[in-house]
Structures are given as C-alpha cells and as structure tokens.
>>> print(open('coords_3.cif').read())   # mmCIF, C-alpha atoms and all ligand atoms
data_entry
loop_
_atom_site.label_atom_id
_atom_site.label_comp_id
_atom_site.auth_asym_id
_atom_site.auth_seq_id
_atom_site.Cartn_x
_atom_site.Cartn_y
_atom_site.Cartn_z
CA MET A 141 136.02 111.10 77.47
CA PRO A 142 132.57 110.66 79.06
CA PHE A 143 134.06 108.49 81.87
CA TYR A 144 130.52 107.10 82.15
CA ALA A 145 128.78 104.33 80.23
CA THR A 146 126.35 101.44 80.43
CA ALA A 147 126.62 98.13 78.60
CA GLU A 148 124.93 94.76 78.54
CA ALA A 149 126.36 91.30 77.79
CA ASN A 150 124.92 87.81 77.58
CA PRO A 151 126.35 84.70 79.20
CA ASN A 152 127.96 82.01 77.11
CA LEU A 153 127.89 78.29 77.76
CA ALA A 154 130.93 76.18 77.06
CA ILE A 155 130.53 73.21 74.74
CA ILE A 156 134.25 72.44 75.15
CA LYS A 157 135.08 73.47 78.70
CA TYR A 158 137.84 75.75 80.00
CA TRP A 159 139.34 74.08 83.07
CA GLY A 160 142.85 74.97 84.22
CA LYS A 161 145.12 78.00 83.85
CA ARG A 162 148.57 78.14 82.29
CA LEU A 163 148.88 81.78 83.47
CA GLU A 164 147.33 82.83 86.77
CA PRO A 165 145.56 86.16 87.46
CA PRO A 166 145.97 88.99 86.71
CA ILE A 167 146.83 87.66 83.22
CA ILE A 168 144.63 84.51 83.00
CA ALA A 169 145.41 82.24 80.09
CA PRO A 170 143.97 78.72 79.96
CA MET A 171 145.61 75.32 79.58
CA ASN A 172 143.26 74.44 76.69
CA ASN A 173 141.22 76.11 73.97
CA SER A 174 137.50 76.20 74.77
CA VAL A 175 134.41 76.75 72.64
CA SER A 176 131.02 78.19 73.58
CA VAL A 177 127.65 79.36 72.38
CA THR A 178 126.47 82.81 73.42
CA LEU A 179 122.95 82.82 74.86
CA ASP A 180 120.20 85.29 74.08
CA GLU A 181 119.28 88.23 76.33
CA GLN A 182 117.17 86.38 78.93
CA LEU A 183 120.08 85.92 81.35
CA ARG A 184 121.96 89.11 80.53
CA THR A 185 123.91 91.41 82.81
CA ARG A 186 123.74 95.21 82.68
CA THR A 187 126.57 97.31 84.09
CA THR A 188 127.03 101.04 84.52
CA VAL A 189 130.51 102.38 85.23
CA LEU A 190 131.63 105.87 86.22
CA PHE A 191 135.28 106.93 86.57
CA SER A 192 135.70 110.10 88.63
CA PRO A 193 138.35 112.10 90.53
CA LYS A 194 135.76 112.26 93.37
CA PHE A 195 136.31 108.58 94.19
CA GLU A 196 139.06 107.41 96.54
CA ARG A 197 138.80 103.73 95.64
CA ASP A 198 136.87 101.39 93.35
CA LYS A 199 133.40 100.35 94.54
CA VAL A 200 131.28 97.61 93.02
CA TRP A 201 127.62 96.70 93.58
CA ILE A 202 126.06 93.55 92.17
CA ASN A 203 122.27 93.15 92.37
CA GLY A 204 122.09 95.77 95.10
CA SER A 205 124.86 94.43 97.36
CA GLU A 206 128.21 96.13 97.67
CA MET A 207 131.16 93.79 97.07
CA ARG A 208 133.54 94.42 99.96
CA THR A 209 135.86 91.45 100.48
CA PRO A 210 139.00 90.81 98.40
CA GLU A 211 137.34 87.59 97.21
CA GLU A 212 134.22 89.42 96.04
CA LEU A 213 136.34 91.97 94.21
CA GLU A 214 138.97 89.60 92.79
CA LYS A 215 137.53 89.66 89.25
CA ALA A 216 136.41 93.27 88.80
CA LEU A 217 139.43 95.08 90.24
CA PRO A 218 142.12 93.60 87.94
CA GLN A 219 139.88 94.38 84.98
CA LEU A 220 139.37 97.98 86.11
CA ASP A 221 143.16 98.30 86.57
CA ALA A 222 143.77 96.94 83.06
CA ALA A 223 141.20 99.33 81.56
CA ARG A 224 142.79 102.30 83.37
CA LYS A 225 146.22 101.27 82.11
CA LEU A 226 144.94 101.16 78.53
CA ALA A 227 143.41 104.64 78.96
CA GLY A 228 146.41 106.09 80.80
CA SER A 229 144.02 107.07 83.60
CA LYS A 230 144.35 106.90 87.38
CA LEU A 231 140.66 107.54 88.16
CA TYR A 232 138.83 105.17 90.44
CA ALA A 233 135.46 103.78 89.42
CA ARG A 234 132.00 103.11 90.74
CA VAL A 235 130.40 100.04 89.16
CA VAL A 236 126.72 99.11 89.44
CA SER A 237 125.67 95.81 87.95
CA ALA A 238 122.32 94.02 87.62
CA THR A 239 122.21 90.44 86.46
CA LEU A 240 119.46 88.07 85.40
CA THR A 241 121.86 85.11 85.70
CA PRO A 242 121.58 83.11 88.94
CA LEU A 243 125.01 83.72 90.49
CA ALA A 244 127.55 81.06 91.39
CA GLY A 245 125.34 78.09 90.54
CA GLY A 246 127.63 76.98 87.73
CA LEU A 247 125.70 79.09 85.26
CA ALA A 248 128.28 81.35 83.70
CA GLY A 249 127.29 84.45 85.70
CA SER A 250 130.80 85.82 85.71
CA ALA A 251 130.98 85.45 81.93
CA ALA A 252 128.18 87.96 81.32
CA GLY A 253 129.25 90.14 84.26
CA LEU A 254 132.89 90.63 83.35
CA CYS A 255 132.05 91.04 79.67
CA ALA A 256 129.49 93.75 80.49
CA LEU A 257 132.04 95.53 82.71
CA ALA A 258 134.75 95.37 80.03
CA ALA A 259 132.32 96.67 77.40
CA ALA A 260 131.20 99.52 79.70
CA CYS A 261 134.87 100.45 80.42
CA ASN A 262 135.59 100.37 76.69
CA GLU A 263 132.85 102.96 76.16
CA ALA A 264 133.47 105.10 79.25
CA LEU A 265 137.21 105.41 78.62
CA GLU A 266 136.81 105.56 74.81
CA LEU A 267 139.30 102.73 74.39
CA ASP A 268 137.87 101.81 71.00
CA LEU A 269 139.04 98.21 71.41
CA SER A 270 138.78 95.67 68.61
CA PRO A 271 136.78 92.54 69.54
CA LYS A 272 140.08 90.71 69.98
CA ASP A 273 141.43 93.33 72.42
CA LEU A 274 138.08 93.55 74.21
CA SER A 275 138.25 89.77 74.70
CA ILE A 276 141.70 90.20 76.30
CA LEU A 277 140.30 92.84 78.68
CA CYS A 278 137.45 90.45 79.53
CA ARG A 279 139.82 87.55 80.14
CA ILE A 280 141.74 89.56 82.75
CA GLY A 281 138.51 89.72 84.78
CA SER A 282 137.32 86.18 84.23
CA GLY A 283 138.49 83.70 81.62
CA SER A 284 135.16 82.50 80.28
CA SER A 285 133.87 86.06 79.78
CA CYS A 286 136.13 86.58 76.77
CA ARG A 287 133.91 84.29 74.70
CA SER A 288 130.86 86.54 75.35
CA VAL A 289 132.46 89.26 73.19
CA TYR A 290 130.94 87.52 70.17
CA GLY A 291 127.47 86.44 69.26
CA GLY A 292 127.12 82.92 67.89
CA PHE A 293 129.86 80.39 68.57
CA ALA A 294 133.33 81.42 69.75
CA GLU A 295 136.65 79.84 70.66
CA TRP A 296 139.05 81.07 73.33
CA LEU A 297 142.59 80.30 72.28
CA ALA A 298 145.01 79.21 74.99
CA GLY A 299 148.04 80.70 73.25
CA THR A 300 151.61 79.93 74.23
CA ARG A 301 153.25 83.30 74.97
CA ALA A 302 154.42 84.03 78.51
CA ASP A 303 152.65 87.42 78.56
CA GLY A 304 149.30 85.93 77.46
CA SER A 305 149.10 88.23 74.43
CA ASP A 306 148.10 85.37 72.11
CA SER A 307 145.28 84.18 74.37
CA TYR A 308 142.06 85.76 73.13
CA ALA A 309 138.66 84.80 71.74
CA ALA A 310 137.66 84.56 68.08
CA GLN A 311 134.27 83.96 66.49
CA TRP A 312 133.66 80.67 64.71
CA PHE A 313 130.12 81.28 63.45
CA GLY A 314 127.80 84.28 63.82
CA GLU A 315 124.48 84.31 65.62
CA ASP A 316 122.51 83.69 62.42
CA HIS A 317 124.46 80.58 61.46
CA TRP A 318 122.20 78.06 63.21
CA LYS A 319 118.81 79.67 63.74
CA ASP A 320 116.98 76.67 65.24
CA PHE A 321 119.77 75.79 67.67
CA ARG A 322 118.54 75.99 71.28
CA THR A 323 120.16 75.89 74.69
CA ILE A 324 117.80 74.84 77.47
CA VAL A 325 118.98 76.01 80.87
CA ALA A 326 117.41 74.13 83.79
CA ILE A 327 117.75 75.60 87.24
CA VAL A 328 118.03 72.85 89.84
CA SER A 329 119.75 74.71 92.60
CA HIS A 330 120.17 78.30 93.65
CA GLU A 331 122.75 77.25 96.23
CA LYS A 332 126.21 78.71 95.82
CA LYS A 333 128.68 76.05 94.73
CA LYS A 334 130.97 74.52 97.33
CA VAL A 335 134.21 74.74 95.34
CA LYS A 336 134.54 77.82 93.15
CA SER A 337 135.76 77.23 89.60
CA ARG A 338 138.94 79.24 90.17
CA ALA A 339 140.02 77.10 93.13
CA GLY A 340 138.68 73.86 91.67
CA MET A 341 140.52 74.08 88.36
CA LYS A 342 143.79 74.91 90.14
CA GLN A 343 143.40 71.81 92.30
CA THR A 344 142.73 69.73 89.17
CA VAL A 345 145.86 70.94 87.36
CA GLN A 346 147.96 70.15 90.44
CA THR A 347 146.56 66.73 91.33
CA SER A 348 144.65 64.96 88.54
CA MET A 349 146.43 62.39 86.36
CA LEU A 350 143.41 62.05 84.11
CA TYR A 351 143.65 65.77 83.29
CA GLN A 352 146.70 65.14 81.10
CA GLN A 353 144.65 62.71 79.01
CA ARG A 354 141.85 65.29 78.72
CA LEU A 355 144.33 67.83 77.34
CA ARG A 356 145.54 65.29 74.76
CA ASP A 357 141.96 64.49 73.68
CA LEU A 358 140.86 68.07 73.16
CA PRO A 359 142.39 69.14 69.82
CA ALA A 360 140.59 66.35 67.91
CA ARG A 361 137.36 67.05 69.80
CA ILE A 362 137.55 70.75 68.94
CA THR A 363 138.10 70.01 65.23
CA ALA A 364 135.15 67.60 65.26
CA LEU A 365 132.97 70.23 66.94
CA LYS A 366 133.83 72.84 64.34
CA ASN A 367 132.77 70.45 61.58
CA ALA A 368 129.54 69.54 63.39
CA LEU A 369 128.64 73.21 63.90
CA GLN A 370 129.56 74.06 60.33
CA GLU A 371 127.14 71.37 59.11
CA ARG A 372 124.53 72.15 61.80
CA ASP A 373 124.66 68.48 62.75
CA ILE A 374 122.92 68.20 66.14
CA ALA A 375 123.71 64.48 66.59
CA ARG A 376 127.45 65.03 66.33
CA MET A 377 127.42 68.35 68.17
CA ALA A 378 125.41 66.91 71.08
CA GLU A 379 127.61 63.84 71.44
CA ILE A 380 130.73 66.01 71.56
CA ALA A 381 129.11 68.28 74.18
CA MET A 382 128.14 65.33 76.39
CA ARG A 383 131.55 63.71 76.08
CA ASP A 384 133.30 66.93 76.97
CA SER A 385 131.06 67.57 79.98
CA ASN A 386 131.60 64.00 81.16
CA SER A 387 135.36 64.42 80.69
CA LEU A 388 135.32 67.62 82.79
CA HIS A 389 133.43 65.93 85.63
CA ALA A 390 135.66 62.85 85.40
CA VAL A 391 138.76 64.99 85.95
CA CYS A 392 136.96 66.78 88.79
CA LEU A 393 136.36 63.42 90.47
CA ASP A 394 140.01 62.50 89.76
CA THR A 395 141.13 65.71 91.51
CA TRP A 396 142.49 65.26 95.02
CA PRO A 397 140.56 65.86 97.21
CA PRO A 398 137.81 65.04 94.71
CA ILE A 399 135.35 67.67 93.49
CA LEU A 400 131.76 66.67 92.77
CA TYR A 401 129.65 69.32 91.10
CA LEU A 402 126.91 66.97 89.90
CA ASN A 403 124.09 65.83 92.19
CA ASP A 404 121.26 63.28 91.98
CA THR A 405 119.16 65.62 89.86
CA SER A 406 122.00 66.07 87.38
CA LYS A 407 122.17 62.28 87.13
CA GLU A 408 118.42 62.09 86.47
CA VAL A 409 118.88 64.57 83.62
CA ILE A 410 121.77 62.53 82.17
CA ASP A 411 119.65 59.34 82.26
CA SER A 412 116.63 61.11 80.78
CA ILE A 413 118.59 62.56 77.86
CA HIS A 414 120.25 59.22 77.06
CA GLU A 415 116.79 57.62 77.11
CA PHE A 416 115.48 60.35 74.77
CA ASN A 417 118.49 59.73 72.51
CA ALA A 418 118.03 55.93 72.46
CA ASP A 419 117.41 55.73 68.69
CA ASP A 420 119.40 58.71 67.53
CA ILE A 421 121.09 61.61 69.29
CA LYS A 422 118.78 64.62 69.34
CA ALA A 423 120.07 66.52 72.37
CA GLY A 424 123.12 66.77 74.59
CA TYR A 425 123.48 67.73 78.25
CA SER A 426 126.33 69.77 79.61
CA PHE A 427 127.26 70.75 83.18
CA ASP A 428 129.67 73.46 84.29
CA ALA A 429 130.96 73.82 87.84
CA GLY A 430 127.57 73.15 89.38
CA PRO A 431 124.52 70.90 89.15
CA ASN A 432 122.47 73.05 86.75
CA PRO A 433 122.11 71.21 83.45
CA THR A 434 122.09 72.84 80.08
CA ILE A 435 120.72 70.92 77.13
CA PHE A 436 121.81 71.65 73.56
CA THR A 437 119.25 70.74 70.93
CA VAL A 438 117.22 72.11 68.02
CA GLU A 439 113.85 73.84 68.21
CA LYS A 440 111.67 70.89 67.17
CA HIS A 441 112.83 68.78 70.13
CA VAL A 442 112.32 71.49 72.78
CA PRO A 443 108.71 70.53 73.82
CA GLU A 444 109.64 66.89 74.43
CA ILE A 445 112.74 67.86 76.44
CA GLN A 446 110.75 70.40 78.47
CA LYS A 447 108.20 67.66 79.24
CA ARG A 448 110.96 65.36 80.42
CA LEU A 449 112.59 68.06 82.55
CA LYS A 450 109.24 68.91 84.17
CA GLU A 451 109.01 65.30 85.36
CA ILE A 452 112.12 65.86 87.51
CA PRO A 453 110.78 67.44 90.74
CA ALA A 454 113.97 69.31 91.75
CA ILE A 455 114.01 71.33 88.54
CA GLU A 456 112.70 74.74 89.55
CA ASP A 457 112.78 76.60 86.27
CA VAL A 458 113.60 76.12 82.58
CA ILE A 459 114.84 78.80 80.19
CA VAL A 460 114.97 78.14 76.45
CA SER A 461 117.55 80.30 74.69
CA SER A 462 118.30 80.92 71.06
CA VAL A 463 121.82 81.78 69.91
CA GLY A 464 122.52 85.31 71.11
CA SER A 465 124.62 88.34 70.30
CA GLY A 466 127.69 90.10 71.68
CA PRO A 467 127.76 93.06 74.13
CA ARG A 468 126.14 96.39 73.34
CA ALA A 469 126.30 99.90 74.81
CA LEU A 470 123.04 101.26 76.24
CA PRO A 471 121.71 104.82 76.22
CA ASP A 472 121.87 106.67 79.56
CA LYS A 473 118.17 106.17 80.27
CA GLY A 474 118.96 102.48 80.93
CA ALA A 475 121.81 103.35 83.32
CA LEU A 476 121.75 101.91 86.85
CA MET A 477 123.57 104.98 88.21
CA GLY A 478 123.42 108.64 87.25
CA ALA A 479 126.37 110.48 85.72
CA ASP A 480 126.90 112.06 89.19
CA GLY A 481 127.40 108.62 90.80
CA THR A 482 123.95 108.38 92.44
CA ILE A 483 122.62 104.84 92.27
CA ARG A 484 119.20 104.79 90.64
CA ARG A 485 116.19 102.76 91.73
CA TRP A 486 115.97 99.65 89.59
CA ARG A 487 114.85 96.04 89.89
CA VAL A 488 115.30 92.78 88.03
CA ASP A 489 112.23 90.85 86.93
CA ASN A 490 113.43 87.26 86.59
CA LYS A 491 110.08 86.05 85.24
CA LYS A 492 109.99 88.61 82.42
CA HIS A 493 113.78 88.60 82.03
CA ASP A 494 113.83 92.35 82.36
CA ILE A 495 115.86 95.00 84.17
CA ILE A 496 113.62 97.95 85.01
CA VAL A 497 115.04 101.36 85.91
CA GLU A 498 112.43 103.16 88.02
CA GLY A 499 113.99 106.44 88.98
C1 LIG B 1 133.78 77.30 80.96
N1 LIG B 1 133.94 77.18 83.47
O1 LIG B 1 134.46 77.06 79.96
C2 LIG B 1 134.13 76.53 82.22
C3 LIG B 1 133.37 75.25 82.34
C4 LIG B 1 133.39 76.30 84.47
C5 LIG B 1 133.28 74.98 83.81
O2 LIG B 1 134.88 79.07 82.80
O3 LIG B 1 139.09 81.95 87.16
O4 LIG B 1 134.69 81.86 86.18
O5 LIG B 1 137.48 83.69 86.41
O6 LIG B 1 138.94 82.52 84.74
O7 LIG B 1 135.73 81.79 83.88
C6 LIG B 1 134.36 79.01 85.05
O8 LIG B 1 135.54 79.69 85.27
O9 LIG B 1 137.13 81.28 85.91
C7 LIG B 1 134.43 78.42 83.70
P1 LIG B 1 138.20 82.43 86.04
P2 LIG B 1 135.69 81.29 85.25
O10 LIG B 1 132.80 78.09 80.91
#
>>> encode(input="coords_3.cif", output="structure tokens")
Amino acid sequence: MPFYATAEANPNLAIIKYWGKRLEPPIIAPMNNSVSVTLDEQLRTRTTVLFSPKFERDKVWINGSEMRTPEELEKALPQLDAARKLAGSKLYARVVSATLTPLAGGLAGSAAGLCALAAACNEALELDLSPKDLSILCRIGSGSSCRSVYGGFAEWLAGTRADGSDSYAAQWFGEDHWKDFRTIVAIVSHEKKKVKSRAGMKQTVQTSMLYQQRLRDLPARITALKNALQERDIARMAEIAMRDSNSLHAVCLDTWPPILYLNDTSKEVIDSIHEFNADDIKAGYSFDAGPNPTIFTVEKHVPEIQKRLKEIPAIEDVIVSSVGSGPRALPDKGALMGADGTIRRWRVDNKKHDIIVEG
C-alpha cells in the first residue's frame, strides 16, 4: 500500500435537490432520491492524503487553513474512519486540499471536496472500490458528494435499509450524452451562508408541513426529468429544475423558524430568466442553500443569458460549465504534500481555474 495519493473531483449541481436525512451521520441516507449534473473541471477540488504511523491524529488543511474545530472536521473525519475500516488500518492521516469552488456559498463545495478525499483514500489504501462503493464512502462524508463519483448525470438513491447499504449513487447518462448542455454558475455572494445545509435540512424535516407534499411530488418529477434528459429536451428539463428549486425554497420558508437562502439578487435572476423564457422555455434557474444562482441551458443561449446576468450589478462572476467527468487520481507531481508529509508550496488561480504546485 502506498498510503499516499492525490485525486481531483468536480462539484455536481442538483437538479432534483437532496434536502432531509432519513439516517443521520455517520451513515447519512437521504429522505428522497436526488439527481445532479457533474460540472467540468473549472471548480474542482484537489486533495492529497497520507496515512502514516508518525501521525497521532488526523489533520486536515483546506486552502491553506488547518481545520481545527469539531464542526470544521465533521465531514472529513467520519470518512477517514470509514476508509480505515475498509482497509483494516489504524493509521491516522494528513489531508491537504485545494479547492476552486467558493466555499459555503451554496455552491456544492463539499460535494467536490468529500469526493476528492474519498477518491484519494481509495487510491492510498488500495481499496479498489467500485463506483457504487466509492459513492457510499463519499456519502459518509457529505451526502451530495456521492453524485460526483460519476461524470454526466447521476441519481442518489435514498434506499430503505436501516444500515444505509442501499443508499448510493448511480449514473443515468454519461458525460457525452448531452454535449451542448451548459450550467452557468453566477457568483453573487462570497459570504458564508447563515444556516448550514446540515442544520437547515434537519429543521425542515422536523417542522415543515409542506415538506411532506414535496416528498410525495418527487417520484413523478424524477421520472419526468429522466425522460427530458434522455431526449435532451431543454424546455422540459429547465421547467423541472425551476420547479424543484422553487419547491426546495418553499419548504425552507415553511420551516420553523423560517430559512431564507435567496436574496434580492436571486429574485432578479428568477425574474430575468422567466422574462427570457416568455415565449418558450430555454433556460432554468436553480438555487441550493445559498443565493448563488445556477442556470441550466444549452450552448446557443449562453451569450444572451450572460448578457442578462451582467446587467445585474451584484453578480460578481460567471462560470460557464460543460458536463464534466468523475474523479481521477493524479501523479505525485501534482500532490499538495510530499510523501514525507511536508506541505508543498501551491496556490489556486481562480481566474485561470488552475491549481499550481510551486515547490
Ligand atoms: C443538493 N444540497 O442536492 C442539496 C441542494 C443543498 C441544497 O446537498 O449533511 O452538504 O453533508 O449530507 O451534501 C447540501 O448538503 O449535506 C446539499 P450533508 P450536503 O446538492
């Protein structure tokens, strides 16, 4: 076993949202199936992991800062424990991670992060996991990350078993299925969100009446989405995405005390997209647990949507992503830490979407 590896993973964005757990950490299984598209490499996360008898506890660095509090470590540590259990190892780990995803702005940062960590552990401990089992290891870190195990479009199944063993992700369509599909990510706020997803969804399950109706609506919506994606039908796909996002934010408002992730800029984006869609639906907005909008569309409509988004002053940046691929192992020259545990000099270039190892 090399006990040392580096991997990268891309974020995914939910078209049908995961919101609510039927099994709490450290298992994590959701109340409902969810479906996502995996983005391309522009917002990827790279993670190097080293397991060693020299270490007396697990240590994790994200973008140069060491994670020290139980809250900061609540996702990585259960995943490291699960990976060790699979390997029959008791070695502690050092984890160094660099991400191009703006963190905690409702932009799926933990999806890429916990998928990259699971993929790096899979390599370092030679677990040789199937995609299904890798998705289970991901899920133990953070639910949404299990969908990043696949390129293209993937579904995370809620399952029904009490041990969570039937809750895993499966690919619907590969990354080449819909070549002109685009996800436009608009950055409206770099502020950390007020209510984290983990706490917010728990509050919703406990207090929202409307949530029960959402759960009843979802199976038909998921079937309709599969058909729309199969036929590469942007009008139907975009309507489903908008309805599901609106449903998520309706149950958030119905939560007690209410949770509002959207802001005035999000509302401007909603109005602008409905105006753009006045004659026929050409694009759909979607919001996770934060105000940053993502727009699903096809390539030919991207310039017009970019023009509209540029008219909204609070939008700081726009990233246009194609459908991306699953995680991959990297050669040691891309590692963020040496095989002896020394952290290398590296930097992220958010403009060029690059992670540069300098020494
Ligand atoms: C999703 N979100 O499906 C939904 C849409 C936010 C809104 O998955 O507790 O960070 O680690 O399993 O995955 C955010 O929740 O939560 C999320 P945990 P996660 O992408």
>>> residues_near_ligand(input="coords_3.cif", ligand="ligand LIG 1 (chain B)", cutoff="6 Å", atoms="all atoms listed in the file", output="list in words")
Leu153, Ala154, Lys157, Tyr158, Trp159, Ser250, Ser282, Gly283, Ser284, Ser337, Arg338, Asp428 and Ala429 of chain A
>>> closest_residue(input="coords_3.cif", among="A:Leu265, A:Leu388, A:Ile380, A:Val175", to="Ser229 in chain A", atoms="all atoms listed in the file")
A:Leu265
>>> closest_atom_pairs(input="coords_3.cif", of="range 227-323 of chain A", to="range 454-474 of chain A", cutoff="10 Å", atoms="only C-alpha atoms", output="Markdown table")
| residue | atom | partner | partner_atom | distance |
| --- | --- | --- | --- | --- |
| A:Ala252 | CA | A:Pro467 | CA | 8.8 |
| A:Cys255 | CA | A:Pro467 | CA | 7.3 |
| A:Ala256 | CA | A:Pro467 | CA | 6.6 |
| A:Leu257 | CA | A:Pro467 | CA | 9.9 |
| A:Ala258 | CA | A:Pro467 | CA | 9.4 |
| A:Ala259 | CA | A:Pro467 | CA | 6.7 |
| A:Ala260 | CA | A:Ala469 | CA | 6.9 |
| A:Asn262 | CA | A:Ala469 | CA | 9.5 |
| A:Glu263 | CA | A:Ala469 | CA | 7.4 |
| A:Ala264 | CA | A:Ala469 | CA | 9.9 |
| A:Pro271 | CA | A:Gly466 | CA | 9.7 |
| A:Arg287 | CA | A:Gly466 | CA | 9.0 |
| A:Ser288 | CA | A:Gly466 | CA | 6.0 |
| A:Val289 | CA | A:Gly466 | CA | 5.1 |
| A:Tyr290 | CA | A:Gly466 | CA | 4.4 |
| A:Gly291 | CA | A:Ser465 | CA | 3.6 |
| A:Gly292 | CA | A:Val463 | CA | 5.8 |
| A:Phe293 | CA | A:Val463 | CA | 8.3 |
| A:Gly314 | CA | A:Ser465 | CA | 8.3 |
| A:Glu315 | CA | A:Val463 | CA | 5.6 |
| A:Asp316 | CA | A:Val463 | CA | 7.8 |
| A:His317 | CA | A:Val463 | CA | 8.9 |
| A:Trp318 | CA | A:Val463 | CA | 7.7 |
| A:Lys319 | CA | A:Val463 | CA | 7.2 |
| A:Asp320 | CA | A:Ser462 | CA | 7.3 |
| A:Phe321 | CA | A:Ser462 | CA | 6.3 |
| A:Arg322 | CA | A:Ser462 | CA | 4.9 |
| A:Thr323 | CA | A:Ser461 | CA | 5.1 |
>>> write_last_selection(input="coords_3.cif", atoms="C-alpha atoms", output="mmCIF file, in the frame of the given file")
data_model
loop_
_atom_site.group_PDB
_atom_site.id
_atom_site.type_symbol
_atom_site.label_atom_id
_atom_site.label_comp_id
_atom_site.auth_asym_id
_atom_site.auth_seq_id
_atom_site.Cartn_x
_atom_site.Cartn_y
_atom_site.Cartn_z
ATOM 1 C CA ALA A 252 128.180 87.960 81.320
ATOM 2 C CA CYS A 255 132.050 91.040 79.670
ATOM 3 C CA ALA A 256 129.490 93.750 80.490
ATOM 4 C CA LEU A 257 132.040 95.530 82.710
ATOM 5 C CA ALA A 258 134.750 95.370 80.030
ATOM 6 C CA ALA A 259 132.320 96.670 77.400
ATOM 7 C CA ALA A 260 131.200 99.520 79.700
ATOM 8 C CA ASN A 262 135.590 100.370 76.690
ATOM 9 C CA GLU A 263 132.850 102.960 76.160
ATOM 10 C CA ALA A 264 133.470 105.100 79.250
ATOM 11 C CA PRO A 271 136.780 92.540 69.540
ATOM 12 C CA ARG A 287 133.910 84.290 74.700
ATOM 13 C CA SER A 288 130.860 86.540 75.350
ATOM 14 C CA VAL A 289 132.460 89.260 73.190
ATOM 15 C CA TYR A 290 130.940 87.520 70.170
ATOM 16 C CA GLY A 291 127.470 86.440 69.260
ATOM 17 C CA GLY A 292 127.120 82.920 67.890
ATOM 18 C CA PHE A 293 129.860 80.390 68.570
ATOM 19 C CA GLY A 314 127.800 84.280 63.820
ATOM 20 C CA GLU A 315 124.480 84.310 65.620
ATOM 21 C CA ASP A 316 122.510 83.690 62.420
ATOM 22 C CA HIS A 317 124.460 80.580 61.460
ATOM 23 C CA TRP A 318 122.200 78.060 63.210
ATOM 24 C CA LYS A 319 118.810 79.670 63.740
ATOM 25 C CA ASP A 320 116.980 76.670 65.240
ATOM 26 C CA PHE A 321 119.770 75.790 67.670
ATOM 27 C CA ARG A 322 118.540 75.990 71.280
ATOM 28 C CA THR A 323 120.160 75.890 74.690
#
>>> closest_residue(input="coords_3.cif", among="A:Ser192, A:Leu402, A:Pro359, A:Ala169", to="Pro433 in chain A", atoms="only C-alpha atoms")
A:Leu402
>>> closest_residue(input="coords_3.cif", among="A:Asp489, A:Ala326, A:Asp384, A:Asp373", to="Val409 in chain A", atoms="all atoms listed in the file")
A:Ala326
>>> residues_around(input="coords_3.cif", residues="range 344-350 of chain A", least_positions_apart="5", cutoff="8 Å", atoms="only C-alpha atoms", output="PDB file with C-alpha atoms, in the coordinates of the input")
ATOM      1  CA  GLY A 160     142.850  74.970  84.220  1.00  0.00           C
ATOM      2  CA  LYS A 161     145.120  78.000  83.850  1.00  0.00           C
ATOM      3  CA  ALA A 390     135.660  62.850  85.400  1.00  0.00           C
ATOM      4  CA  VAL A 391     138.760  64.990  85.950  1.00  0.00           C
ATOM      5  CA  CYS A 392     136.960  66.780  88.790  1.00  0.00           C
ATOM      6  CA  ASP A 394     140.010  62.500  89.760  1.00  0.00           C
ATOM      7  CA  THR A 395     141.130  65.710  91.510  1.00  0.00           C
ATOM      8  CA  TRP A 396     142.490  65.260  95.020  1.00  0.00           C
TER       9      TRP A 396
END
>>> atom_distance(input="coords_3.cif", atom1="CA of Pro210 in chain A", atom2="CA of Val189 in chain A")
19.5 Å
>>> residues_around(input="coords_3.cif", residues="Glu214 in chain A", least_positions_apart="4", cutoff="10 Å", atoms="all atoms listed in the file", output="JSON, numbers by chain")
{"A": [165, 166, 207, 209, 210, 218, 219, 281, 282]}
>>> closest_residue(input="coords_3.cif", among="A:Leu213, A:Glu295, A:Leu190, A:Gln343", to="Ile362 in chain A", atoms="all atoms listed in the file")
A:Glu295
